[in-house]
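**Student:** Data file model-v1.cif (mmCIF, C-alpha atoms) is appended below.
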```
data_model
#
loop_
_atom_site.label_atom_id
_atom_site.label_comp_id
_atom_site.auth_asym_id
_atom_site.auth_seq_id
_atom_site.Cartn_x
_atom_site.Cartn_y
_atom_site.Cartn_z
CA MET K 1 -0.45 -3.31 31.99
CA ALA K 2 0.80 -6.89 32.41
CA ARG K 3 -0.08 -9.26 29.60
CA GLU K 4 -2.32 -12.07 30.63
CA ASN K 5 -1.23 -15.41 29.25
CA VAL K 6 -3.36 -18.52 28.84
CA ARG K 7 -2.53 -22.12 28.07
CA ILE K 8 -3.58 -23.89 24.90
CA GLY K 9 -6.70 -25.50 26.42
CA GLU K 10 -8.03 -22.15 27.59
CA ALA K 11 -7.08 -20.53 24.25
CA ALA K 12 -9.05 -23.22 22.41
CA LYS K 13 -12.11 -22.46 24.56
CA ILE K 14 -11.82 -18.72 23.98
CA LEU K 15 -11.67 -19.16 20.20
CA GLY K 16 -14.15 -22.05 20.10
CA VAL K 17 -11.81 -24.43 18.27
CA SER K 18 -10.06 -27.66 19.18
CA ILE K 19 -6.55 -27.88 20.61
CA GLN K 20 -5.48 -29.70 17.45
CA THR K 21 -6.72 -26.78 15.34
CA LEU K 22 -4.56 -24.42 17.40
CA ARG K 23 -1.56 -26.71 16.86
CA ASN K 24 -2.25 -26.71 13.12
CA TRP K 25 -2.59 -22.92 13.12
CA GLU K 26 0.72 -22.65 14.90
CA LYS K 27 2.42 -24.89 12.33
CA SER K 28 1.02 -22.94 9.41
CA GLY K 29 1.87 -19.60 11.02
CA ARG K 30 -1.76 -18.51 11.15
CA LEU K 31 -1.70 -18.08 14.92
CA PRO K 32 1.78 -18.40 16.43
CA ALA K 33 2.00 -19.59 20.03
CA ARG K 34 4.61 -18.45 22.49
CA ARG K 35 6.72 -20.81 24.56
CA SER K 36 7.57 -20.68 28.22
CA GLU K 37 11.14 -21.36 29.33
CA GLY K 38 10.06 -24.93 29.95
CA GLY K 39 8.83 -25.20 26.35
CA GLN K 40 5.11 -25.05 27.14
CA ARG K 41 2.83 -23.30 24.66
CA PHE K 42 0.97 -20.22 25.79
CA TYR K 43 -1.01 -17.40 24.21
CA ALA K 44 -1.43 -13.77 25.24
CA ARG K 45 -5.11 -13.11 25.85
CA GLU K 46 -4.94 -9.84 23.89
CA ASP K 47 -3.49 -11.70 20.88
CA LEU K 48 -6.47 -14.08 20.98
CA GLU K 49 -8.92 -11.21 21.22
CA ARG K 50 -7.30 -9.50 18.26
CA PHE K 51 -7.29 -12.76 16.31
CA SER K 52 -10.99 -13.27 16.86
CA ILE K 53 -11.93 -9.84 15.50
CA ASP K 54 -13.41 -9.98 12.03
CA LEU K 55 -11.36 -7.31 10.30
CA LYS K 56 -13.43 -7.35 7.12
CA LYS K 57 -16.61 -6.79 9.09
CA LEU K 58 -15.07 -3.98 11.11
CA GLY K 59 -13.70 -2.25 8.00
CA TRP K 60 -17.04 -2.68 6.26
CA ALA K 61 -18.83 -1.04 9.19
CA TRP K 62 -16.44 1.92 8.95
CA ALA K 63 -17.00 2.28 5.20
CA SER K 64 -20.75 1.76 5.07
CA SER K 65 -22.47 2.83 8.31
CA ALA K 66 -24.66 5.91 8.36
CA GLN K 67 -22.85 7.11 11.48
CA PRO K 68 -19.13 6.53 12.02
CA PRO K 69 -18.80 3.58 14.40
CA ASP K 70 -16.29 3.50 17.24
CA LEU K 71 -13.07 1.90 16.12
CA PRO K 72 -10.32 0.36 18.23
CA ASP K 73 -7.45 2.88 18.17
CA ILE K 74 -5.04 0.38 16.69
CA TYR K 75 -7.01 0.26 13.42
CA HIS K 76 -7.86 3.93 13.01
CA CYS K 77 -5.29 6.13 11.27
CA GLU K 78 -6.78 9.57 11.59
CA ARG K 79 -3.75 11.22 10.04
CA HIS K 80 -1.35 10.30 7.27
CA ASP K 81 1.74 10.08 9.47
CA ARG K 82 0.15 7.38 11.59
CA PHE K 83 -0.81 5.48 8.45
CA THR K 84 2.77 5.64 7.16
CA THR K 85 4.17 4.44 10.48
CA ARG K 86 1.83 1.46 10.53
CA LEU K 87 2.55 0.73 6.87
CA GLU K 88 6.26 0.44 7.65
CA LYS K 89 5.46 -1.85 10.55
CA MET K 90 3.35 -4.03 8.26
CA GLY K 91 6.23 -4.19 5.77
CA GLN K 92 8.52 -5.49 8.50
CA ALA K 93 5.90 -8.00 9.69
CA LEU K 94 5.39 -9.25 6.13
CA LEU K 95 9.13 -9.79 5.67
CA ARG K 96 8.93 -12.37 8.44
CA CYS K 97 6.32 -14.48 6.66
CA VAL K 98 6.43 -13.91 2.88
CA PRO K 99 9.27 -13.48 0.35
CA GLU K 100 10.73 -9.96 0.13
CA GLU K 101 9.26 -9.45 -3.33
CA THR K 102 5.74 -10.16 -2.04
CA ALA K 103 6.26 -7.95 1.02
CA SER K 104 7.42 -5.12 -1.24
CA LEU K 105 4.35 -5.41 -3.49
CA LEU K 106 1.80 -5.82 -0.69
CA THR K 107 3.20 -2.73 1.00
CA LEU K 108 2.88 -0.85 -2.28
CA VAL K 109 -0.74 -1.97 -2.72
CA ALA K 110 -1.78 -1.02 0.82
CA GLY K 111 0.31 2.17 0.70
CA GLU K 112 -1.19 3.40 -2.53
CA ILE K 113 -4.80 2.64 -1.56
CA GLY K 114 -4.46 4.22 1.88
CA ASP K 115 -2.56 7.20 0.54
CA ASN K 116 -5.30 7.82 -2.03
CA SER K 117 -7.82 8.08 0.79
CA PHE K 118 -5.85 10.89 2.38
CA ALA K 119 -4.78 12.60 -0.85
CA HIS K 120 -8.38 12.86 -2.10
CA ASN K 121 -10.10 13.76 1.15
CA VAL K 122 -7.82 15.86 3.30
CA GLY K 123 -9.75 18.92 4.36
CA SER K 124 -13.00 17.58 2.96
CA TRP K 125 -13.88 14.44 4.89
CA PRO K 126 -17.69 14.34 4.95
CA ASP K 127 -17.84 13.24 8.60
CA ALA K 128 -15.03 11.22 10.17
CA ALA K 129 -11.45 11.73 9.04
CA GLY K 130 -8.95 9.00 8.44
CA VAL K 131 -8.55 5.45 7.32
CA PHE K 132 -9.43 2.11 8.83
CA TYR K 133 -6.28 0.06 8.30
CA ALA K 134 -5.88 -3.47 9.63
CA TYR K 135 -3.82 -6.45 8.62
CA ASP K 136 -3.33 -9.99 9.79
CA THR K 137 -0.30 -11.80 8.44
CA GLY K 138 -1.64 -15.10 9.82
CA LYS K 139 -4.94 -14.78 7.98
CA ARG K 140 -3.05 -13.24 5.03
CA LEU K 141 -5.37 -10.30 4.85
CA ILE K 142 -5.21 -6.49 4.65
CA VAL K 143 -8.31 -4.31 5.02
CA LEU K 144 -8.53 -0.58 4.28
CA ALA K 145 -11.62 1.60 4.44
CA ASP K 146 -12.47 5.28 4.47
CA ARG K 147 -15.54 7.47 4.83
CA GLY K 148 -14.39 9.94 2.21
CA ARG K 149 -16.09 11.25 -0.92
CA GLY K 150 -15.52 8.11 -2.95
CA VAL K 151 -13.84 7.47 -6.28
CA ARG K 152 -16.57 8.93 -8.51
CA ALA K 153 -16.78 12.28 -6.70
CA THR K 154 -13.01 12.56 -6.74
CA LEU K 155 -12.62 11.69 -10.41
CA ARG K 156 -15.49 13.91 -11.50
CA GLN K 157 -13.31 16.91 -10.81
CA VAL K 158 -11.35 15.95 -13.92
CA ARG K 159 -13.90 13.70 -15.65
CA PRO K 160 -17.30 15.38 -15.19
CA ASP K 161 -18.86 12.91 -17.65
CA LEU K 162 -18.54 9.95 -15.30
CA ALA K 163 -22.06 8.61 -14.97
CA SER K 164 -21.72 5.79 -12.48
CA ASP K 165 -19.56 4.32 -9.77
CA THR K 166 -18.67 1.39 -12.02
CA ASP K 167 -17.44 3.80 -14.72
CA ALA K 168 -15.40 5.60 -12.09
CA LEU K 169 -13.74 2.36 -10.96
CA ARG K 170 -13.00 1.44 -14.57
CA VAL K 171 -11.26 4.78 -15.13
CA ALA K 172 -9.40 4.59 -11.82
CA PHE K 173 -8.03 1.11 -12.50
CA THR K 174 -7.52 1.18 -16.27
CA GLU K 175 -7.14 4.62 -17.81
CA ILE K 176 -3.71 6.12 -17.67
CA VAL K 177 -3.79 9.88 -17.48
CA SER K 178 -1.09 10.98 -19.91
CA GLY K 179 0.86 14.16 -20.33
CA ARG K 180 3.00 16.30 -18.14
CA ASN K 181 1.30 17.12 -14.94
CA PRO K 182 -2.31 17.47 -16.13
CA GLU K 183 -3.60 17.68 -12.58
CA LYS K 184 -1.07 15.66 -10.62
CA ARG K 185 -3.34 12.68 -10.79
CA GLY K 186 -1.64 9.53 -9.69
CA ASN K 187 -1.64 6.36 -11.67
CA GLY K 188 -1.14 4.26 -8.58
CA LEU K 189 -4.27 2.14 -8.94
CA LYS K 190 -3.12 0.99 -12.39
CA VAL K 191 0.05 -0.28 -10.78
CA VAL K 192 -2.05 -1.95 -8.08
CA ARG K 193 -4.16 -3.68 -10.75
CA GLY K 194 -1.05 -4.89 -12.59
CA ILE K 195 0.27 -6.42 -9.38
CA ALA K 196 -3.00 -8.18 -8.51
CA GLU K 197 -3.35 -9.53 -12.05
CA SER K 198 0.16 -10.91 -12.24
CA ARG K 199 0.74 -12.20 -8.71
CA ALA K 200 -1.02 -14.35 -6.20
CA ILE K 201 -2.59 -11.28 -4.62
CA GLY K 202 -6.34 -10.78 -4.65
CA LEU K 203 -8.05 -7.40 -4.43
CA LEU K 204 -11.64 -6.46 -3.78
CA PHE K 205 -12.27 -2.72 -4.03
CA ARG K 206 -15.60 -1.01 -3.50
CA SER K 207 -16.70 2.59 -3.77
CA GLY K 208 -20.28 3.85 -3.96
CA LEU K 209 -22.23 1.13 -5.76
CA GLY K 210 -19.23 -0.08 -7.72
CA ILE K 211 -17.26 -3.19 -6.95
CA ALA K 212 -14.01 -4.30 -8.60
CA ARG K 213 -12.52 -7.75 -8.14
CA ILE K 214 -9.02 -8.36 -9.38
CA SER K 215 -7.12 -11.63 -9.30
CA LYS K 216 -4.41 -13.46 -11.14
CA ASP K 217 -6.83 -16.02 -12.57
CA GLY K 218 -9.81 -13.82 -13.30
CA GLY K 219 -8.26 -10.51 -14.31
CA MET K 220 -10.43 -7.54 -13.37
CA ARG K 221 -14.22 -7.66 -13.09
CA ILE K 222 -16.24 -4.54 -12.32
CA GLU K 223 -19.93 -4.65 -11.51
CA MET K 224 -22.72 -3.05 -9.53
CA ALA K 225 -22.81 -4.02 -5.87
CA ASP K 226 -25.92 -4.47 -3.75
CA GLY K 227 -24.79 -2.11 -1.01
CA ASN K 228 -23.37 1.39 -0.89
CA VAL K 229 -19.92 2.30 0.35
CA ARG K 230 -19.49 5.91 1.42
CA GLY K 231 -15.84 6.27 0.54
CA ALA K 232 -13.76 3.26 -0.34
CA TYR K 233 -13.39 -0.27 1.04
CA ALA K 234 -10.59 -2.61 0.03
CA VAL K 235 -9.64 -6.15 0.97
CA VAL K 236 -6.27 -7.50 -0.11
CA THR K 237 -5.63 -11.24 0.21
CA PHE K 238 -2.36 -13.06 -0.29
CA MET C 1 32.15 5.92 -9.77
CA GLY C 2 33.80 9.02 -11.26
CA GLU C 3 33.70 12.49 -9.77
CA ASP C 4 31.34 13.58 -12.50
CA MET C 5 28.51 11.39 -11.15
CA GLN C 6 26.33 11.80 -8.07
CA THR C 7 24.27 9.07 -6.43
CA ILE C 8 21.10 9.39 -4.35
CA HIS C 9 20.62 6.49 -1.95
CA LEU C 10 16.89 6.35 -1.42
CA LYS C 11 17.26 4.40 1.83
CA LYS C 12 18.20 7.75 3.40
CA PHE C 13 14.50 8.59 3.24
CA GLY C 14 13.23 5.37 4.81
CA LYS C 15 12.39 1.78 3.97
CA VAL C 16 8.84 2.50 2.80
CA LEU C 17 8.37 5.54 0.57
CA VAL C 18 4.76 6.58 -0.01
CA SER C 19 2.75 9.73 -0.95
CA ARG C 20 3.43 12.73 -3.18
CA PRO C 21 4.05 15.19 -0.33
CA ALA C 22 6.73 12.86 1.07
CA GLY C 23 8.32 12.53 -2.39
CA LEU C 24 8.45 16.31 -2.69
CA GLU C 25 9.87 16.63 0.81
CA ALA C 26 12.59 14.12 -0.01
CA PHE C 27 13.54 16.01 -3.18
CA ASN C 28 13.65 19.32 -1.33
CA ALA C 29 15.92 17.74 1.27
CA ILE C 30 18.40 16.36 -1.28
CA ARG C 31 18.37 19.28 -3.73
CA PRO C 32 20.95 21.48 -1.92
CA THR C 33 23.47 18.64 -2.14
CA LEU C 34 23.07 18.15 -5.90
CA ASP C 35 24.89 19.82 -8.78
CA PRO C 36 22.22 20.12 -11.49
CA SER C 37 24.84 20.22 -14.24
CA LEU C 38 25.99 16.68 -13.47
CA PRO C 39 24.20 13.39 -14.07
CA VAL C 40 22.62 11.74 -11.04
CA GLN C 41 22.04 8.07 -10.25
CA VAL C 42 19.19 6.77 -8.12
CA ASP C 43 20.03 3.75 -5.95
CA PHE C 44 17.14 1.65 -4.56
CA GLU C 45 19.33 -0.57 -2.38
CA GLY C 46 17.95 -1.06 1.15
CA VAL C 47 14.42 0.15 0.39
CA LEU C 48 11.46 -2.24 0.76
CA THR C 49 8.80 -0.29 -1.15
CA VAL C 50 8.65 2.76 -3.36
CA ALA C 51 5.00 3.60 -4.07
CA PRO C 52 4.13 5.12 -7.48
CA SER C 53 2.87 8.37 -5.90
CA TRP C 54 6.19 9.02 -4.13
CA PHE C 55 8.23 7.85 -7.10
CA ASP C 56 6.40 10.01 -9.64
CA GLU C 57 6.75 13.15 -7.56
CA PHE C 58 10.40 12.60 -6.65
CA LEU C 59 11.46 11.62 -10.16
CA THR C 60 9.59 14.48 -11.81
CA ARG C 61 11.31 17.06 -9.59
CA LEU C 62 14.69 15.42 -10.04
CA ALA C 63 14.32 15.26 -13.81
CA GLU C 64 13.30 18.92 -13.95
CA TYR C 65 16.21 19.98 -11.77
CA THR C 66 18.86 18.05 -13.71
CA ASP C 67 17.31 18.52 -17.13
CA GLY C 68 16.68 14.79 -17.46
CA LYS C 69 20.18 13.64 -16.51
CA VAL C 70 18.90 10.85 -14.23
CA GLU C 71 19.80 7.19 -14.30
CA LEU C 72 17.90 4.58 -12.30
CA LEU C 73 20.40 1.98 -11.12
CA PRO C 74 19.47 -1.64 -11.87
CA THR C 75 17.33 -3.07 -9.10
CA ARG C 76 15.34 -6.15 -8.19
CA ASN C 77 13.02 -4.13 -5.98
CA ALA C 78 9.61 -5.53 -6.91
CA SER C 79 7.71 -2.30 -6.18
CA VAL C 80 9.98 -0.30 -8.48
CA LEU C 81 9.73 -2.87 -11.26
CA ALA C 82 5.93 -2.88 -10.93
CA ALA C 83 5.65 0.91 -11.11
CA LEU C 84 8.08 1.62 -13.98
CA PRO C 85 5.92 0.50 -16.92
CA VAL C 86 2.96 2.63 -15.80
CA LEU C 87 5.14 5.67 -15.09
CA GLY C 88 6.78 5.30 -18.51
CA THR C 89 3.42 5.17 -20.26
CA ALA C 90 1.80 7.93 -18.26
CA ARG C 91 4.43 10.53 -19.03
CA ASP C 92 5.52 12.22 -22.22
CA ASP C 93 8.45 14.20 -20.86
CA SER C 94 12.00 13.49 -19.72
CA VAL C 95 10.68 11.22 -16.94
CA ALA C 96 9.37 8.83 -19.59
CA GLY C 97 12.84 8.77 -21.17
CA ILE C 98 14.48 7.96 -17.82
CA VAL C 99 12.02 5.16 -17.16
CA ARG C 100 12.38 3.72 -20.66
CA ARG C 101 16.17 3.66 -20.34
CA ALA C 102 15.84 1.83 -17.01
CA LEU C 103 13.43 -0.73 -18.48
CA GLU C 104 15.72 -1.23 -21.48
CA GLN C 105 18.66 -1.77 -19.16
CA LYS C 106 16.64 -4.33 -17.20
CA ARG C 107 15.97 -6.31 -20.35
CA HIS C 108 19.71 -6.56 -20.97
CA THR C 109 20.49 -7.60 -17.39
CA PRO C 110 20.72 -11.38 -17.02
#
```
Starting from the file, lay out its structure as structure tokens.
**Tutor:**
Amino acid sequence: MARENVRIGEAAKILGVSIQTLRNWEKSGRLPARRSEGGQRFYAREDLERFSIDLKKLGWAWASSAQPPDLPDIYHCERHDRFTTRLEKMGQALLRCVPEETASLLTLVAGEIGDNSFAHNVGSWPDAAGVFYAYDTGKRLIVLADRGRGVRATLRQVRPDLASDTDALRVAFTEIVSGRNPEKRGNGLKVVRGIAESRAIGLLFRSGLGIARISKDGGMRIEMADGNVRGAYAVVTF
Amino acid sequence: MGEDMQTIHLKKFGKVLVSRPAGLEAFNAIRPTLDPSLPVQVDFEGVLTVAPSWFDEFLTRLAEYTDGKVELLPTRNASVLAALPVLGTARDDSVAGIVRRALEQKRHTP
């Protein structure tokens, strides 16, 4: 299908912003424009449509709706191999806009969170399989969500005493499971927390009624949320 | 490098290494080429990200196979440097020793 291109005036109308805003977004890298051979700015209509999608809202719908909503194919990784392929693509995209060190760490954070969804739910997805995985290097945002069993149900297999979703998040992000191969439990989320606490990377992670916020300035805060997440929902900002 | 040392270049397995099953698969692929009686070096050059899940699985198998004779080559790979302290704390076997040696080496690298 041929890509439909529009000029800056039309693009501004589609997004409901001024032409100057689009110029500013181009300068900052938030929404790059393309150039014709004659040097004129243009935008692909599909890029504008993608840009206008609220990724956080879409991921939230996937994680919290009673029935699994329809997802655009590009954001739904039903199987792990598709997730890995898109993760590699994201790594390459990040290398074009952030230092290599940041790209390496963001790819680790998204990789570990998404991989957890598969590792803990394969063969036992309650309804819809797979992970919602979307990123926008312009908006400096990564969103992951699943409709799995959630952190508490997963951890209770080894920690039956876990009473609440907030306790489960605390264990997942802070307690290192020691020893040789107790149950092949990963310690990936501890690494994720260390990265968010020491770098300019923010993380919001929700599961059940628990919500964890981790940032360089504020460290980690875990509290009860006002809404329920079926599996897990994560927003990474950078 | 002498003939008594073998090196695994992780970039053979891809630029982004994630998940335990993939770590196991990578070890199974490299195992036939390794002599378990000789030390082995792990080279991170050319890899963007090694996730802790992949790393833990791969390193555990490698350490078991070579009886702990593994050296992690010095690296500036941010994902590796972020994962090492947690891996070193989480383990109480030869993997912990390998990780601690790597972290020690890093401290002495200018």
**Student:** Could you list, as number ranges by chain, every residue matched by the PyMOL selection byres ((chain C and resi 35) around 12) in this structure?
**Tutor:** C: 3-8, 30-34, 36-40, 62, 65-67, 69
**Student:** The PyMOL selection byres ((chain C) within 10 of (chain K)) - which residues does that actually catch in the file I just gave you? List them as a VMD selection string.
**Tutor:** chain C and resid 14 to 21 47 to 54 56 to 57 60 76 to 96
**Student:** Expressed in Å to a single decimal, how great is the separation between CA of Phe42 (chain K) and CA of Ile8 (chain K)?
**Tutor:**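 These atoms are spaced 5.9 Å apart.
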**Student:** Could you state the separation of CA of Arg82 (chain K) and CA of Ser117 (chain K) in Å, given to one decimal place?
**Tutor:**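 Atom-to-atom, CA of Arg82 (chain K) to CA of Ser117 (chain K), that is 13.4 Å.
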**Student:** For the file shown, report as a ChimeraX atom specification the outcome of the PyMOL selection byres ((chain K and resi 132-143) around 6) at residue level.
**Tutor:** /K:29-31,75-76,131,144-145,234-238
**Student:** As an exercise, work out the distance from CA of Val6 (chain K) to CA of Asp54 (chain K) in Å and give it to one decimal place.
**Tutor:**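 Computing it gives 21.4 Å between the two atoms.
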**Student:** With only C-alpha atoms as the basis for distance, which of K:Met224, K:Arg7, K:Glu37, K:Ala232 is at the shortest distance from His120 (chain K)?
**Tutor:**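 Smallest distance to His120 (chain K) is found for K:Ala232.
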**Student:** Between K:Cys77, K:Val122, K:Leu15, K:Ala168, which residue has the minimum interatomic distance to Gly208 (chain K), considering only C-alpha atoms?
**Tutor:** K:Ala168
**Student:** So that I can see what lies close to Asp47 (chain K), please list as a ChimeraX atom specification the residues with an atom at most 10 Å from it, counting all atoms listed in the file and leaving out residues fewer than 6 positions away in the same chain.
**Tutor:** /K:3-5,31-33
**Student:** Could those selected residues go to a file with C-alpha atoms, as a short mmCIF file (atom, residue, chain, number, x, y, z; two decimals), in the frame of the given file?
**Tutor:**
```cif
data_model
loop_
_atom_site.label_atom_id
_atom_site.label_comp_id
_atom_site.auth_asym_id
_atom_site.auth_seq_id
_atom_site.Cartn_x
_atom_site.Cartn_y
_atom_site.Cartn_z
CA ARG K 3 -0.08 -9.26 29.60
CA GLU K 4 -2.32 -12.07 30.63
CA ASN K 5 -1.23 -15.41 29.25
CA LEU K 31 -1.70 -18.08 14.92
CA PRO K 32 1.78 -18.40 16.43
CA ALA K 33 2.00 -19.59 20.03
#
```
**Student:** Which residue gives the smallest distance to Leu103 (chain C) among C:Gly46, C:Pro74, C:Gly68, C:Gly23, with only C-alpha atoms counted?
**Tutor:**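 Checking each candidate against Leu103 (chain C), we get C:Pro74 as the closest.
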**Student:** What box, with edges along x, y and z, holds each listed atom of region 53-71 of chain C when 4 Å is added on every side, and can you state its centre and edge lengths in Å to one decimal, as JSON?
**Tutor:**
```
{"center_x": 11.5, "center_y": 13.6, "center_z": -10.8, "size_x": 25.3, "size_y": 20.8, "size_z": 21.3}
```
**Student:** Every residue with an atom at most 8 Å from (-11.7, 10.3, -4.9) (file coordinates; only C-alpha atoms) is what I'm after, so could you write them as a compact mmCIF listing (two decimals) with C-alpha atoms, in the coordinates of the input?
**Tutor:**
```txt
# COMPACT_ATOMS: atom_id res chain seq x y z
CA ASN K 116 -5.30 7.82 -2.03
CA SER K 117 -7.82 8.08 0.79
CA HIS K 120 -8.38 12.86 -2.10
CA ASN K 121 -10.10 13.76 1.15
CA GLY K 148 -14.39 9.94 2.21
CA ARG K 149 -16.09 11.25 -0.92
CA GLY K 150 -15.52 8.11 -2.95
CA VAL K 151 -13.84 7.47 -6.28
CA ARG K 152 -16.57 8.93 -8.51
CA ALA K 153 -16.78 12.28 -6.70
CA THR K 154 -13.01 12.56 -6.74
CA LEU K 155 -12.62 11.69 -10.41
CA GLY K 231 -15.84 6.27 0.54
```
